[in-house]
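The next block is protein-v2.cif, given as mmCIF, N, CA and C atoms and all ligand atoms.
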```cif
data_input
loop_
_atom_site.label_atom_id
_atom_site.label_comp_id
_atom_site.auth_asym_id
_atom_site.auth_seq_id
_atom_site.Cartn_x
_atom_site.Cartn_y
_atom_site.Cartn_z
N MET A 1420 17.14 181.06 39.44
CA MET A 1420 15.94 181.62 40.09
C MET A 1420 16.10 181.59 41.61
N GLN A 1421 15.78 182.69 42.26
CA GLN A 1421 16.17 182.89 43.65
C GLN A 1421 15.65 181.82 44.63
N ASP A 1422 14.36 181.51 44.55
CA ASP A 1422 13.79 180.61 45.54
C ASP A 1422 13.72 179.15 45.08
N CYS A 1423 14.43 178.82 44.04
CA CYS A 1423 14.34 177.46 43.46
C CYS A 1423 15.39 176.56 44.10
N ILE A 1424 14.94 175.45 44.70
CA ILE A 1424 15.91 174.58 45.39
C ILE A 1424 16.90 173.94 44.42
N PHE A 1425 16.46 173.65 43.22
CA PHE A 1425 17.39 173.02 42.26
C PHE A 1425 18.41 174.05 41.75
N CYS A 1426 18.01 175.31 41.60
CA CYS A 1426 19.00 176.35 41.25
C CYS A 1426 20.02 176.47 42.38
N LYS A 1427 19.56 176.35 43.62
CA LYS A 1427 20.48 176.43 44.77
C LYS A 1427 21.45 175.25 44.77
N ILE A 1428 20.96 174.08 44.39
CA ILE A 1428 21.84 172.89 44.29
C ILE A 1428 22.90 173.13 43.22
N ILE A 1429 22.50 173.65 42.07
CA ILE A 1429 23.47 173.91 40.99
C ILE A 1429 24.53 174.91 41.45
N LYS A 1430 24.10 175.93 42.17
CA LYS A 1430 25.05 176.96 42.65
C LYS A 1430 25.94 176.44 43.78
N GLY A 1431 25.56 175.31 44.37
CA GLY A 1431 26.32 174.78 45.49
C GLY A 1431 25.87 175.34 46.83
N ASP A 1432 24.77 176.08 46.80
CA ASP A 1432 24.24 176.64 48.06
C ASP A 1432 23.49 175.58 48.89
N LEU A 1433 23.08 174.50 48.23
CA LEU A 1433 22.50 173.34 48.93
C LEU A 1433 23.31 172.11 48.53
N PRO A 1434 23.49 171.17 49.45
CA PRO A 1434 24.30 169.99 49.12
C PRO A 1434 23.55 169.02 48.21
N SER A 1435 24.30 168.22 47.46
CA SER A 1435 23.68 167.15 46.67
C SER A 1435 24.73 166.09 46.39
N TYR A 1436 24.26 164.90 46.03
CA TYR A 1436 25.15 163.81 45.66
C TYR A 1436 25.24 163.76 44.15
N LYS A 1437 26.32 164.34 43.62
CA LYS A 1437 26.47 164.48 42.16
C LYS A 1437 26.78 163.15 41.50
N ILE A 1438 26.04 162.85 40.45
CA ILE A 1438 26.28 161.66 39.64
C ILE A 1438 26.99 162.04 38.35
N TYR A 1439 26.65 163.21 37.80
CA TYR A 1439 27.22 163.64 36.52
C TYR A 1439 27.02 165.15 36.37
N GLU A 1440 27.99 165.79 35.71
CA GLU A 1440 27.82 167.22 35.43
C GLU A 1440 28.51 167.56 34.12
N ASP A 1441 27.87 168.40 33.33
CA ASP A 1441 28.57 169.01 32.20
C ASP A 1441 28.17 170.48 32.14
N LYS A 1442 28.49 171.14 31.01
CA LYS A 1442 28.31 172.59 30.94
C LYS A 1442 26.85 173.01 31.23
N ASN A 1443 25.92 172.26 30.72
CA ASN A 1443 24.52 172.71 30.77
C ASN A 1443 23.59 171.86 31.63
N THR A 1444 24.07 170.72 32.13
CA THR A 1444 23.17 169.83 32.87
C THR A 1444 23.83 169.28 34.13
N TYR A 1445 22.99 168.77 35.02
CA TYR A 1445 23.48 168.25 36.30
C TYR A 1445 22.62 167.04 36.70
N GLY A 1446 23.28 165.97 37.09
CA GLY A 1446 22.58 164.76 37.55
C GLY A 1446 22.96 164.47 38.99
N PHE A 1447 21.98 164.17 39.83
CA PHE A 1447 22.26 163.96 41.26
C PHE A 1447 21.20 163.04 41.86
N LEU A 1448 21.50 162.50 43.03
CA LEU A 1448 20.57 161.58 43.67
C LEU A 1448 19.36 162.32 44.21
N ASP A 1449 18.18 161.74 43.98
CA ASP A 1449 16.96 162.26 44.58
C ASP A 1449 17.03 162.07 46.09
N ILE A 1450 16.53 163.07 46.81
CA ILE A 1450 16.60 163.06 48.27
C ILE A 1450 15.83 161.89 48.89
N SER A 1451 14.87 161.33 48.12
CA SER A 1451 14.03 160.24 48.65
C SER A 1451 14.85 158.98 48.94
N ASN A 1452 15.99 158.82 48.29
CA ASN A 1452 16.82 157.62 48.47
C ASN A 1452 16.00 156.34 48.33
N ASP A 1453 15.11 156.32 47.31
CA ASP A 1453 14.27 155.14 47.10
C ASP A 1453 14.74 154.37 45.85
N GLY A 1454 14.08 153.26 45.60
CA GLY A 1454 14.47 152.41 44.47
C GLY A 1454 15.90 151.92 44.62
N ASN A 1455 16.55 151.78 43.48
CA ASN A 1455 17.94 151.28 43.50
C ASN A 1455 18.93 152.37 43.08
N GLY A 1456 18.59 153.64 43.41
CA GLY A 1456 19.44 154.74 43.00
C GLY A 1456 18.65 155.71 42.14
N HIS A 1457 17.74 156.40 42.76
CA HIS A 1457 16.82 157.33 42.09
C HIS A 1457 17.59 158.62 41.75
N ILE A 1458 17.72 158.89 40.46
CA ILE A 1458 18.55 160.01 39.99
C ILE A 1458 17.67 161.08 39.35
N LEU A 1459 18.02 162.34 39.57
CA LEU A 1459 17.35 163.46 38.89
C LEU A 1459 18.34 164.10 37.92
N VAL A 1460 17.85 164.48 36.76
CA VAL A 1460 18.67 165.21 35.79
C VAL A 1460 18.00 166.54 35.52
N ILE A 1461 18.78 167.61 35.67
CA ILE A 1461 18.21 168.96 35.53
C ILE A 1461 19.08 169.81 34.61
N PRO A 1462 18.46 170.82 33.97
CA PRO A 1462 19.27 171.80 33.24
C PRO A 1462 19.81 172.83 34.22
N LYS A 1463 20.99 173.38 33.92
CA LYS A 1463 21.53 174.42 34.81
C LYS A 1463 20.76 175.72 34.65
N LYS A 1464 20.22 175.96 33.46
CA LYS A 1464 19.42 177.16 33.23
C LYS A 1464 17.99 176.86 33.66
N HIS A 1465 17.44 177.72 34.48
CA HIS A 1465 16.10 177.45 35.04
C HIS A 1465 15.01 177.52 33.98
N CYS A 1466 14.16 176.50 33.97
CA CYS A 1466 12.84 176.59 33.33
C CYS A 1466 11.95 175.69 34.17
N GLU A 1467 10.62 175.82 34.01
CA GLU A 1467 9.72 175.12 34.94
C GLU A 1467 9.58 173.64 34.64
N ASN A 1468 9.37 173.34 33.37
CA ASN A 1468 9.10 171.95 33.00
C ASN A 1468 9.17 171.81 31.48
N VAL A 1469 8.73 170.66 30.97
CA VAL A 1469 8.78 170.41 29.52
C VAL A 1469 7.98 171.45 28.74
N LEU A 1470 6.94 171.98 29.36
CA LEU A 1470 6.02 172.87 28.64
C LEU A 1470 6.66 174.20 28.27
N ASP A 1471 7.63 174.66 29.05
CA ASP A 1471 8.26 175.95 28.72
C ASP A 1471 9.75 175.82 28.38
N ALA A 1472 10.26 174.60 28.34
CA ALA A 1472 11.70 174.40 28.08
C ALA A 1472 12.02 174.69 26.61
N SER A 1473 13.20 175.25 26.38
CA SER A 1473 13.63 175.48 24.99
C SER A 1473 14.06 174.14 24.38
N ASP A 1474 14.08 174.10 23.06
CA ASP A 1474 14.54 172.89 22.37
C ASP A 1474 15.99 172.59 22.74
N GLU A 1475 16.78 173.65 22.94
CA GLU A 1475 18.21 173.46 23.28
C GLU A 1475 18.34 172.77 24.64
N ILE A 1476 17.57 173.24 25.61
CA ILE A 1476 17.61 172.62 26.95
C ILE A 1476 17.18 171.15 26.86
N LEU A 1477 16.11 170.91 26.12
CA LEU A 1477 15.62 169.52 26.03
C LEU A 1477 16.63 168.62 25.32
N THR A 1478 17.30 169.16 24.33
CA THR A 1478 18.33 168.38 23.63
C THR A 1478 19.47 168.04 24.59
N ASP A 1479 19.94 169.03 25.32
CA ASP A 1479 21.04 168.80 26.27
C ASP A 1479 20.63 167.76 27.31
N ILE A 1480 19.42 167.89 27.80
CA ILE A 1480 19.02 167.03 28.93
C ILE A 1480 18.82 165.59 28.49
N ILE A 1481 18.29 165.37 27.30
CA ILE A 1481 18.08 163.99 26.86
C ILE A 1481 19.43 163.32 26.57
N LYS A 1482 20.41 164.12 26.13
CA LYS A 1482 21.76 163.55 25.92
C LYS A 1482 22.36 163.10 27.26
N THR A 1483 22.17 163.92 28.28
CA THR A 1483 22.69 163.55 29.61
C THR A 1483 21.95 162.34 30.16
N ILE A 1484 20.64 162.30 29.96
CA ILE A 1484 19.86 161.12 30.40
C ILE A 1484 20.39 159.86 29.73
N LYS A 1485 20.68 159.97 28.44
CA LYS A 1485 21.20 158.80 27.71
C LYS A 1485 22.57 158.39 28.27
N LYS A 1486 23.42 159.38 28.53
CA LYS A 1486 24.77 159.09 29.04
C LYS A 1486 24.68 158.38 30.40
N ILE A 1487 23.90 158.93 31.31
CA ILE A 1487 23.78 158.32 32.64
C ILE A 1487 23.13 156.93 32.53
N SER A 1488 22.11 156.82 31.70
CA SER A 1488 21.39 155.53 31.56
C SER A 1488 22.32 154.45 31.03
N ASN A 1489 23.10 154.79 30.02
CA ASN A 1489 24.05 153.81 29.48
C ASN A 1489 25.10 153.42 30.53
N HIS A 1490 25.53 154.40 31.31
CA HIS A 1490 26.48 154.11 32.38
C HIS A 1490 25.86 153.13 33.39
N LEU A 1491 24.61 153.36 33.75
CA LEU A 1491 23.96 152.49 34.73
C LEU A 1491 23.89 151.04 34.23
N VAL A 1492 23.58 150.90 32.93
CA VAL A 1492 23.42 149.55 32.37
C VAL A 1492 24.79 148.92 32.09
N LYS A 1493 25.71 149.71 31.54
CA LYS A 1493 27.01 149.12 31.15
C LYS A 1493 27.92 148.89 32.34
N ASN A 1494 27.87 149.80 33.31
CA ASN A 1494 28.90 149.77 34.37
C ASN A 1494 28.37 149.50 35.78
N CYS A 1495 27.06 149.57 35.98
CA CYS A 1495 26.55 149.47 37.36
C CYS A 1495 25.66 148.25 37.57
N GLY A 1496 25.55 147.39 36.60
CA GLY A 1496 24.83 146.13 36.79
C GLY A 1496 23.32 146.21 36.64
N PHE A 1497 22.82 147.29 36.04
CA PHE A 1497 21.36 147.37 35.83
C PHE A 1497 20.99 146.85 34.45
N ASP A 1498 19.70 146.48 34.31
CA ASP A 1498 19.23 145.91 33.04
C ASP A 1498 18.47 146.91 32.19
N GLY A 1499 18.04 148.01 32.78
CA GLY A 1499 17.27 149.02 32.05
C GLY A 1499 16.98 150.20 32.96
N VAL A 1500 16.27 151.17 32.42
CA VAL A 1500 15.91 152.36 33.22
C VAL A 1500 14.49 152.79 32.88
N ASN A 1501 13.83 153.40 33.84
CA ASN A 1501 12.62 154.17 33.56
C ASN A 1501 12.99 155.64 33.65
N ILE A 1502 12.44 156.42 32.71
CA ILE A 1502 12.69 157.86 32.69
C ILE A 1502 11.33 158.54 32.82
N ILE A 1503 11.19 159.32 33.89
CA ILE A 1503 9.86 159.87 34.23
C ILE A 1503 9.96 161.38 34.41
N ASN A 1504 8.94 162.06 33.95
CA ASN A 1504 8.89 163.52 34.13
C ASN A 1504 7.47 163.92 34.52
N ALA A 1505 7.36 164.87 35.43
CA ALA A 1505 6.07 165.48 35.75
C ALA A 1505 6.13 166.93 35.28
N SER A 1506 5.20 167.34 34.45
CA SER A 1506 5.15 168.72 33.97
C SER A 1506 3.80 169.30 34.33
N GLY A 1507 3.77 170.11 35.38
CA GLY A 1507 2.53 170.74 35.83
C GLY A 1507 2.08 170.20 37.17
N LYS A 1508 1.47 171.10 37.94
CA LYS A 1508 1.02 170.75 39.30
C LYS A 1508 0.06 169.56 39.28
N GLU A 1509 -0.86 169.57 38.31
CA GLU A 1509 -1.85 168.48 38.26
C GLU A 1509 -1.24 167.16 37.78
N ALA A 1510 -0.05 167.26 37.20
CA ALA A 1510 0.68 166.04 36.81
C ALA A 1510 1.62 165.59 37.93
N GLU A 1511 1.41 166.18 39.12
CA GLU A 1511 2.15 165.80 40.33
C GLU A 1511 3.59 166.30 40.35
N GLN A 1512 3.85 167.40 39.59
CA GLN A 1512 5.16 168.04 39.70
C GLN A 1512 5.21 168.77 41.03
N SER A 1513 6.28 168.58 41.78
CA SER A 1513 6.37 169.24 43.08
C SER A 1513 7.51 170.25 43.15
N VAL A 1514 8.52 170.08 42.31
CA VAL A 1514 9.61 171.07 42.24
C VAL A 1514 9.57 171.68 40.83
N PHE A 1515 9.44 173.01 40.77
CA PHE A 1515 9.18 173.65 39.48
C PHE A 1515 10.46 174.16 38.82
N HIS A 1516 11.40 173.24 38.71
CA HIS A 1516 12.61 173.39 37.89
C HIS A 1516 12.65 172.09 37.10
N LEU A 1517 12.67 172.18 35.78
CA LEU A 1517 12.59 170.98 34.94
C LEU A 1517 13.50 169.86 35.46
N HIS A 1518 12.95 168.68 35.58
CA HIS A 1518 13.78 167.53 35.96
C HIS A 1518 13.17 166.24 35.42
N PHE A 1519 14.05 165.32 35.11
CA PHE A 1519 13.65 163.97 34.73
C PHE A 1519 14.17 163.02 35.79
N HIS A 1520 13.34 162.08 36.18
CA HIS A 1520 13.74 161.04 37.12
C HIS A 1520 14.30 159.87 36.31
N ILE A 1521 15.44 159.34 36.72
CA ILE A 1521 15.92 158.08 36.16
C ILE A 1521 15.84 157.03 37.26
N LEU A 1522 15.10 155.97 36.98
CA LEU A 1522 14.99 154.86 37.94
C LEU A 1522 15.68 153.65 37.33
N PRO A 1523 16.85 153.28 37.89
CA PRO A 1523 17.54 152.09 37.38
C PRO A 1523 16.72 150.84 37.70
N ARG A 1524 16.65 149.91 36.74
CA ARG A 1524 15.84 148.71 36.92
C ARG A 1524 16.66 147.44 36.77
N LYS A 1525 16.29 146.46 37.55
CA LYS A 1525 16.92 145.14 37.49
C LYS A 1525 15.85 144.10 37.27
N GLN A 1526 16.18 143.07 36.56
CA GLN A 1526 15.24 141.97 36.37
C GLN A 1526 14.72 141.49 37.72
N GLY A 1527 13.39 141.39 37.85
CA GLY A 1527 12.79 140.86 39.08
C GLY A 1527 12.79 141.82 40.24
N ASP A 1528 12.99 143.14 39.99
CA ASP A 1528 13.05 144.07 41.13
C ASP A 1528 11.66 144.44 41.68
N SER A 1529 10.61 144.02 40.96
CA SER A 1529 9.21 144.20 41.44
C SER A 1529 8.82 145.65 41.67
N MET A 1530 9.46 146.59 41.04
CA MET A 1530 9.03 147.99 41.20
C MET A 1530 7.80 148.24 40.33
N ASN A 1531 6.80 148.92 40.92
CA ASN A 1531 5.55 149.17 40.20
C ASN A 1531 5.54 150.60 39.65
N VAL A 1532 6.30 150.80 38.59
CA VAL A 1532 6.46 152.15 38.06
C VAL A 1532 5.26 152.59 37.22
N PHE A 1533 4.58 151.63 36.60
CA PHE A 1533 3.40 151.95 35.80
C PHE A 1533 2.18 151.25 36.38
N PRO A 1534 1.56 151.85 37.41
CA PRO A 1534 0.38 151.21 38.00
C PRO A 1534 -0.77 151.16 37.00
N LYS A 1535 -1.64 150.17 37.13
CA LYS A 1535 -2.80 150.06 36.22
C LYS A 1535 -3.71 151.27 36.41
N LEU A 1536 -4.10 151.89 35.29
CA LEU A 1536 -4.97 153.07 35.36
C LEU A 1536 -6.39 152.67 34.99
N LYS A 1537 -7.35 153.50 35.43
CA LYS A 1537 -8.76 153.28 35.09
C LYS A 1537 -8.91 153.39 33.57
N LYS A 1538 -9.73 152.51 32.99
CA LYS A 1538 -9.97 152.55 31.54
C LYS A 1538 -10.69 153.84 31.16
N SER A 1539 -10.40 154.37 29.99
CA SER A 1539 -11.08 155.56 29.47
C SER A 1539 -12.52 155.23 29.08
N ASP A 1540 -13.40 156.24 29.16
CA ASP A 1540 -14.79 156.07 28.70
C ASP A 1540 -14.87 156.16 27.17
N MET A 1541 -13.83 156.67 26.54
CA MET A 1541 -13.85 156.89 25.10
C MET A 1541 -13.21 155.72 24.36
N THR A 1542 -13.60 155.53 23.09
CA THR A 1542 -12.92 154.52 22.26
C THR A 1542 -11.57 155.09 21.83
N LEU A 1543 -10.72 154.23 21.33
CA LEU A 1543 -9.42 154.69 20.83
C LEU A 1543 -9.61 155.68 19.68
N GLU A 1544 -10.63 155.44 18.84
CA GLU A 1544 -10.91 156.33 17.70
C GLU A 1544 -11.30 157.72 18.20
N GLU A 1545 -12.21 157.76 19.18
CA GLU A 1545 -12.63 159.06 19.74
C GLU A 1545 -11.46 159.77 20.40
N MET A 1546 -10.66 159.01 21.12
CA MET A 1546 -9.52 159.61 21.81
C MET A 1546 -8.52 160.18 20.82
N CYS A 1547 -8.29 159.45 19.76
CA CYS A 1547 -7.34 159.89 18.74
C CYS A 1547 -7.84 161.19 18.11
N GLU A 1548 -9.13 161.26 17.80
CA GLU A 1548 -9.72 162.47 17.20
C GLU A 1548 -9.56 163.66 18.15
N LYS A 1549 -9.74 163.40 19.44
CA LYS A 1549 -9.64 164.47 20.43
C LYS A 1549 -8.20 164.97 20.62
N LEU A 1550 -7.25 164.05 20.56
CA LEU A 1550 -5.88 164.41 20.99
C LEU A 1550 -4.88 164.66 19.88
N LYS A 1551 -5.23 164.29 18.64
CA LYS A 1551 -4.16 164.36 17.63
C LYS A 1551 -3.76 165.80 17.32
N VAL A 1552 -2.51 165.99 17.01
CA VAL A 1552 -1.97 167.30 16.70
C VAL A 1552 -2.30 167.61 15.25
N LYS A 1553 -3.11 168.66 15.07
CA LYS A 1553 -3.57 168.96 13.69
C LYS A 1553 -2.81 170.13 13.11
P1 LIG B 1 8.52 165.79 41.17
O1 LIG B 1 7.49 165.32 42.14
O2 LIG B 1 8.48 165.04 39.86
O3 LIG B 1 8.48 167.29 40.99
O4 LIG B 1 9.93 165.41 41.82
C1 LIG B 1 10.66 166.22 42.67
C2 LIG B 1 11.72 165.37 43.29
O5 LIG B 1 12.69 166.21 43.88
C3 LIG B 1 11.22 164.46 44.41
O6 LIG B 1 11.39 163.10 44.02
C4 LIG B 1 12.09 164.79 45.61
C5 LIG B 1 13.22 165.58 45.01
N1 LIG B 1 13.73 166.63 45.88
C6 LIG B 1 13.03 167.61 46.47
N2 LIG B 1 13.84 168.41 47.18
C7 LIG B 1 15.10 167.93 47.01
C8 LIG B 1 16.39 168.32 47.49
O7 LIG B 1 16.56 169.31 48.22
N3 LIG B 1 17.44 167.55 47.11
C9 LIG B 1 17.31 166.46 46.30
N4 LIG B 1 18.40 165.77 46.01
N5 LIG B 1 16.12 166.06 45.83
C10 LIG B 1 15.03 166.79 46.17
#
```

What would the structure in this file look like if it were written as structure tokens?
Ligand code: DGP
Amino acid sequence: MQDCIFCKIIKGDLPSYKIYEDKNTYGFLDISNDGNGHILVIPKKHCENVLDASDEILTDIIKTIKKISNHLVKNCGFDGVNIINASGKEAEQSVFHLHFHILPRKQGDSMNVFPKLKKSDMTLEEMCEKLKVK
């Protein structure tokens, strides 16, 4: 896609710090340079987010996420990873080319990846009735 910064990164028109690449996916450092190595994983074929991605793209991308995550834990001294995705403007997506964030985690790193959220006004039963896939 012409105006997409991640498509430009894949084409090599914009620089990036490559962590991993295969036929259909690309992993590189997030420009924020935060955490202990904030990585983005993207499909080479453009789609906006999880909501419009094909099953094939999602399959490829989760395999790459697994590969990079295992590498981080087995070879880079990390104890685990958080995998985060924003799909949609209201979900705080800012770049509209599907991407998953991998945040490498270490015991005692004090990163607050899951901040406490306000409690729902609904009971779990009401929420389940509202949200379940029928
Ligand atoms: P999100 O808010 O979930 O859509 O995340 C978008 C991420 O993309 C954000 O963490 C910053 C990163 N980002 C934006 N522009 C660039 C860029 O040009 N290069 C790299 N490496 N990362 C970028």

Q.
Using Å and a single decimal, report how far atom O4 of ligand LIG 1 (chain B) sits from atom CA of A:Lys1442.
A. 22.5 Å

Q: Using DSSP on the backbone, list every residue of stretch 1422-1552 of chain A that comes out as strand (DSSP E), and give them as a VMD selection string.
A: chain A and resid 1437 to 1440 1444 to 1448 1458 to 1462 1499 to 1503 1519 to 1524

Q.
Restricting the calculation to only C-alpha atoms and all ligand atoms: of A:His1457, A:Lys1525, A:Lys1482, A:Lys1538, which residue gets closest to ligand LIG 1 (chain B)?
A. A:His1457

Would you give me, as CSV, each residue of chain A having an atom within 5 Å of an atom of ligand LIG 1 (chain B), along with its shortest atom pair and that distance in Å to one decimal, using all atoms listed in the file and sorting by chain and residue number?
```
residue,atom,partner,partner_atom,distance
A:Leu1448,C,B:LIG1,N4,4.0
A:Asp1449,C,B:LIG1,N4,3.9
A:Ile1450,N,B:LIG1,N5,3.2
A:Ala1505,N,B:LIG1,O2,4.6
A:Glu1511,C,B:LIG1,O1,4.4
A:Gln1512,C,B:LIG1,O3,3.6
A:Ser1513,N,B:LIG1,O3,2.7
A:Val1514,N,B:LIG1,O3,3.1
```

Please provide as a CSV table (one decimal) with N, CA and C atoms, in the frame of the given file all residues within 12 Å of A:Asp1422, with the sequence filter that same-chain residues fewer than 4 positions apart are discarded (counting only C-alpha atoms).
```
chain,number,residue,atom,x,y,z
A,1426,CYS,N,18.0,175.3,41.6
A,1426,CYS,CA,19.0,176.4,41.2
A,1426,CYS,C,20.0,176.5,42.4
A,1427,LYS,N,19.6,176.4,43.6
A,1427,LYS,CA,20.5,176.4,44.8
A,1427,LYS,C,21.4,175.2,44.8
A,1428,ILE,N,21.0,174.1,44.4
A,1428,ILE,CA,21.8,172.9,44.3
A,1428,ILE,C,22.9,173.1,43.2
A,1432,ASP,N,24.8,176.1,46.8
A,1432,ASP,CA,24.2,176.6,48.1
A,1432,ASP,C,23.5,175.6,48.9
A,1433,LEU,N,23.1,174.5,48.2
A,1433,LEU,CA,22.5,173.3,48.9
A,1433,LEU,C,23.3,172.1,48.5
A,1465,HIS,N,17.4,177.7,34.5
A,1465,HIS,CA,16.1,177.4,35.0
A,1465,HIS,C,15.0,177.5,34.0
A,1514,VAL,N,8.5,170.1,42.3
A,1514,VAL,CA,9.6,171.1,42.2
A,1514,VAL,C,9.6,171.7,40.8
A,1515,PHE,N,9.4,173.0,40.8
A,1515,PHE,CA,9.2,173.6,39.5
A,1515,PHE,C,10.5,174.2,38.8
A,1516,HIS,N,11.4,173.2,38.7
A,1516,HIS,CA,12.6,173.4,37.9
A,1516,HIS,C,12.6,172.1,37.1
```

Q: May I ask for the distance between atom C of A:Thr1444 and atom CA of A:Arg1524, given in Å to one decimal place?
A: 22.2 Å

If you count only C-alpha atoms, which residues fall within 10 Å of A:Asp1471, apart from same-chain ones fewer than 3 positions away, as a compact mmCIF listing (two decimals) with N, CA and C atoms, in the coordinates of the input?
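Resulting contents of around-v7.txt:
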```
# COMPACT_ATOMS: atom_id res chain seq x y z
N CYS A 1466 14.16 176.50 33.97
CA CYS A 1466 12.84 176.59 33.33
C CYS A 1466 11.95 175.69 34.17
N GLU A 1467 10.62 175.82 34.01
CA GLU A 1467 9.72 175.12 34.94
C GLU A 1467 9.58 173.64 34.64
N ASN A 1468 9.37 173.34 33.37
CA ASN A 1468 9.10 171.95 33.00
C ASN A 1468 9.17 171.81 31.48
N ASP A 1474 14.08 174.10 23.06
CA ASP A 1474 14.54 172.89 22.37
C ASP A 1474 15.99 172.59 22.74
N SER A 1506 5.20 167.34 34.45
CA SER A 1506 5.15 168.72 33.97
C SER A 1506 3.80 169.30 34.33
N LEU A 1517 12.67 172.18 35.78
CA LEU A 1517 12.59 170.98 34.94
C LEU A 1517 13.50 169.86 35.46
```

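Going from atom C of A:Val1532 to atom CA of A:Lys1464 covers 28.6 Å.
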
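Using only N, CA and C atoms, the set of residues no farther than 7 Å from the position (21.3, 163.2, 39.8) comprises Tyr1436, Lys1437, Ile1438, Tyr1439, Tyr1445, Gly1446, Phe1447, Leu1448, Asp1449, His1457, Ile1458, Leu1459, Val1460 and Ile1461 of chain A.
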
For the residues in that selection, give me N, CA and C atoms as a PDB file, in the coordinates of the input.
```pdb
ATOM      1  N   TYR A1436      24.260 164.900  46.030  1.00  0.00           N
ATOM      2  CA  TYR A1436      25.150 163.810  45.660  1.00  0.00           C
ATOM      3  C   TYR A1436      25.240 163.760  44.150  1.00  0.00           C
ATOM      4  N   LYS A1437      26.320 164.340  43.620  1.00  0.00           N
ATOM      5  CA  LYS A1437      26.470 164.480  42.160  1.00  0.00           C
ATOM      6  C   LYS A1437      26.780 163.150  41.500  1.00  0.00           C
ATOM      7  N   ILE A1438      26.040 162.850  40.450  1.00  0.00           N
ATOM      8  CA  ILE A1438      26.280 161.660  39.640  1.00  0.00           C
ATOM      9  C   ILE A1438      26.990 162.040  38.350  1.00  0.00           C
ATOM     10  N   TYR A1439      26.650 163.210  37.800  1.00  0.00           N
ATOM     11  CA  TYR A1439      27.220 163.640  36.520  1.00  0.00           C
ATOM     12  C   TYR A1439      27.020 165.150  36.370  1.00  0.00           C
ATOM     13  N   TYR A1445      22.990 168.770  35.020  1.00  0.00           N
ATOM     14  CA  TYR A1445      23.480 168.250  36.300  1.00  0.00           C
ATOM     15  C   TYR A1445      22.620 167.040  36.700  1.00  0.00           C
ATOM     16  N   GLY A1446      23.280 165.970  37.090  1.00  0.00           N
ATOM     17  CA  GLY A1446      22.580 164.760  37.550  1.00  0.00           C
ATOM     18  C   GLY A1446      22.960 164.470  38.990  1.00  0.00           C
ATOM     19  N   PHE A1447      21.980 164.170  39.830  1.00  0.00           N
ATOM     20  CA  PHE A1447      22.260 163.960  41.260  1.00  0.00           C
ATOM     21  C   PHE A1447      21.200 163.040  41.860  1.00  0.00           C
ATOM     22  N   LEU A1448      21.500 162.500  43.030  1.00  0.00           N
ATOM     23  CA  LEU A1448      20.570 161.580  43.670  1.00  0.00           C
ATOM     24  C   LEU A1448      19.360 162.320  44.210  1.00  0.00           C
ATOM     25  N   ASP A1449      18.180 161.740  43.980  1.00  0.00           N
ATOM     26  CA  ASP A1449      16.960 162.260  44.580  1.00  0.00           C
ATOM     27  C   ASP A1449      17.030 162.070  46.090  1.00  0.00           C
ATOM     28  N   HIS A1457      17.740 156.400  42.760  1.00  0.00           N
ATOM     29  CA  HIS A1457      16.820 157.330  42.090  1.00  0.00           C
ATOM     30  C   HIS A1457      17.590 158.620  41.750  1.00  0.00           C
ATOM     31  N   ILE A1458      17.720 158.890  40.460  1.00  0.00           N
ATOM     32  CA  ILE A1458      18.550 160.010  39.990  1.00  0.00           C
ATOM     33  C   ILE A1458      17.670 161.080  39.350  1.00  0.00           C
ATOM     34  N   LEU A1459      18.020 162.340  39.570  1.00  0.00           N
ATOM     35  CA  LEU A1459      17.350 163.460  38.890  1.00  0.00           C
ATOM     36  C   LEU A1459      18.340 164.100  37.920  1.00  0.00           C
ATOM     37  N   VAL A1460      17.850 164.480  36.760  1.00  0.00           N
ATOM     38  CA  VAL A1460      18.670 165.210  35.790  1.00  0.00           C
ATOM     39  C   VAL A1460      18.000 166.540  35.520  1.00  0.00           C
ATOM     40  N   ILE A1461      18.780 167.610  35.670  1.00  0.00           N
ATOM     41  CA  ILE A1461      18.210 168.960  35.530  1.00  0.00           C
ATOM     42  C   ILE A1461      19.080 169.810  34.610  1.00  0.00           C
TER      43      ILE A1461
END
```

Q. Would you give me, as a PyMOL selection string, the residues in chain A that DSSP reads as helix (DSSP H, G or I)?
A. chain A and resi 1424-1430+1474-1494+1508-1510+1543-1550
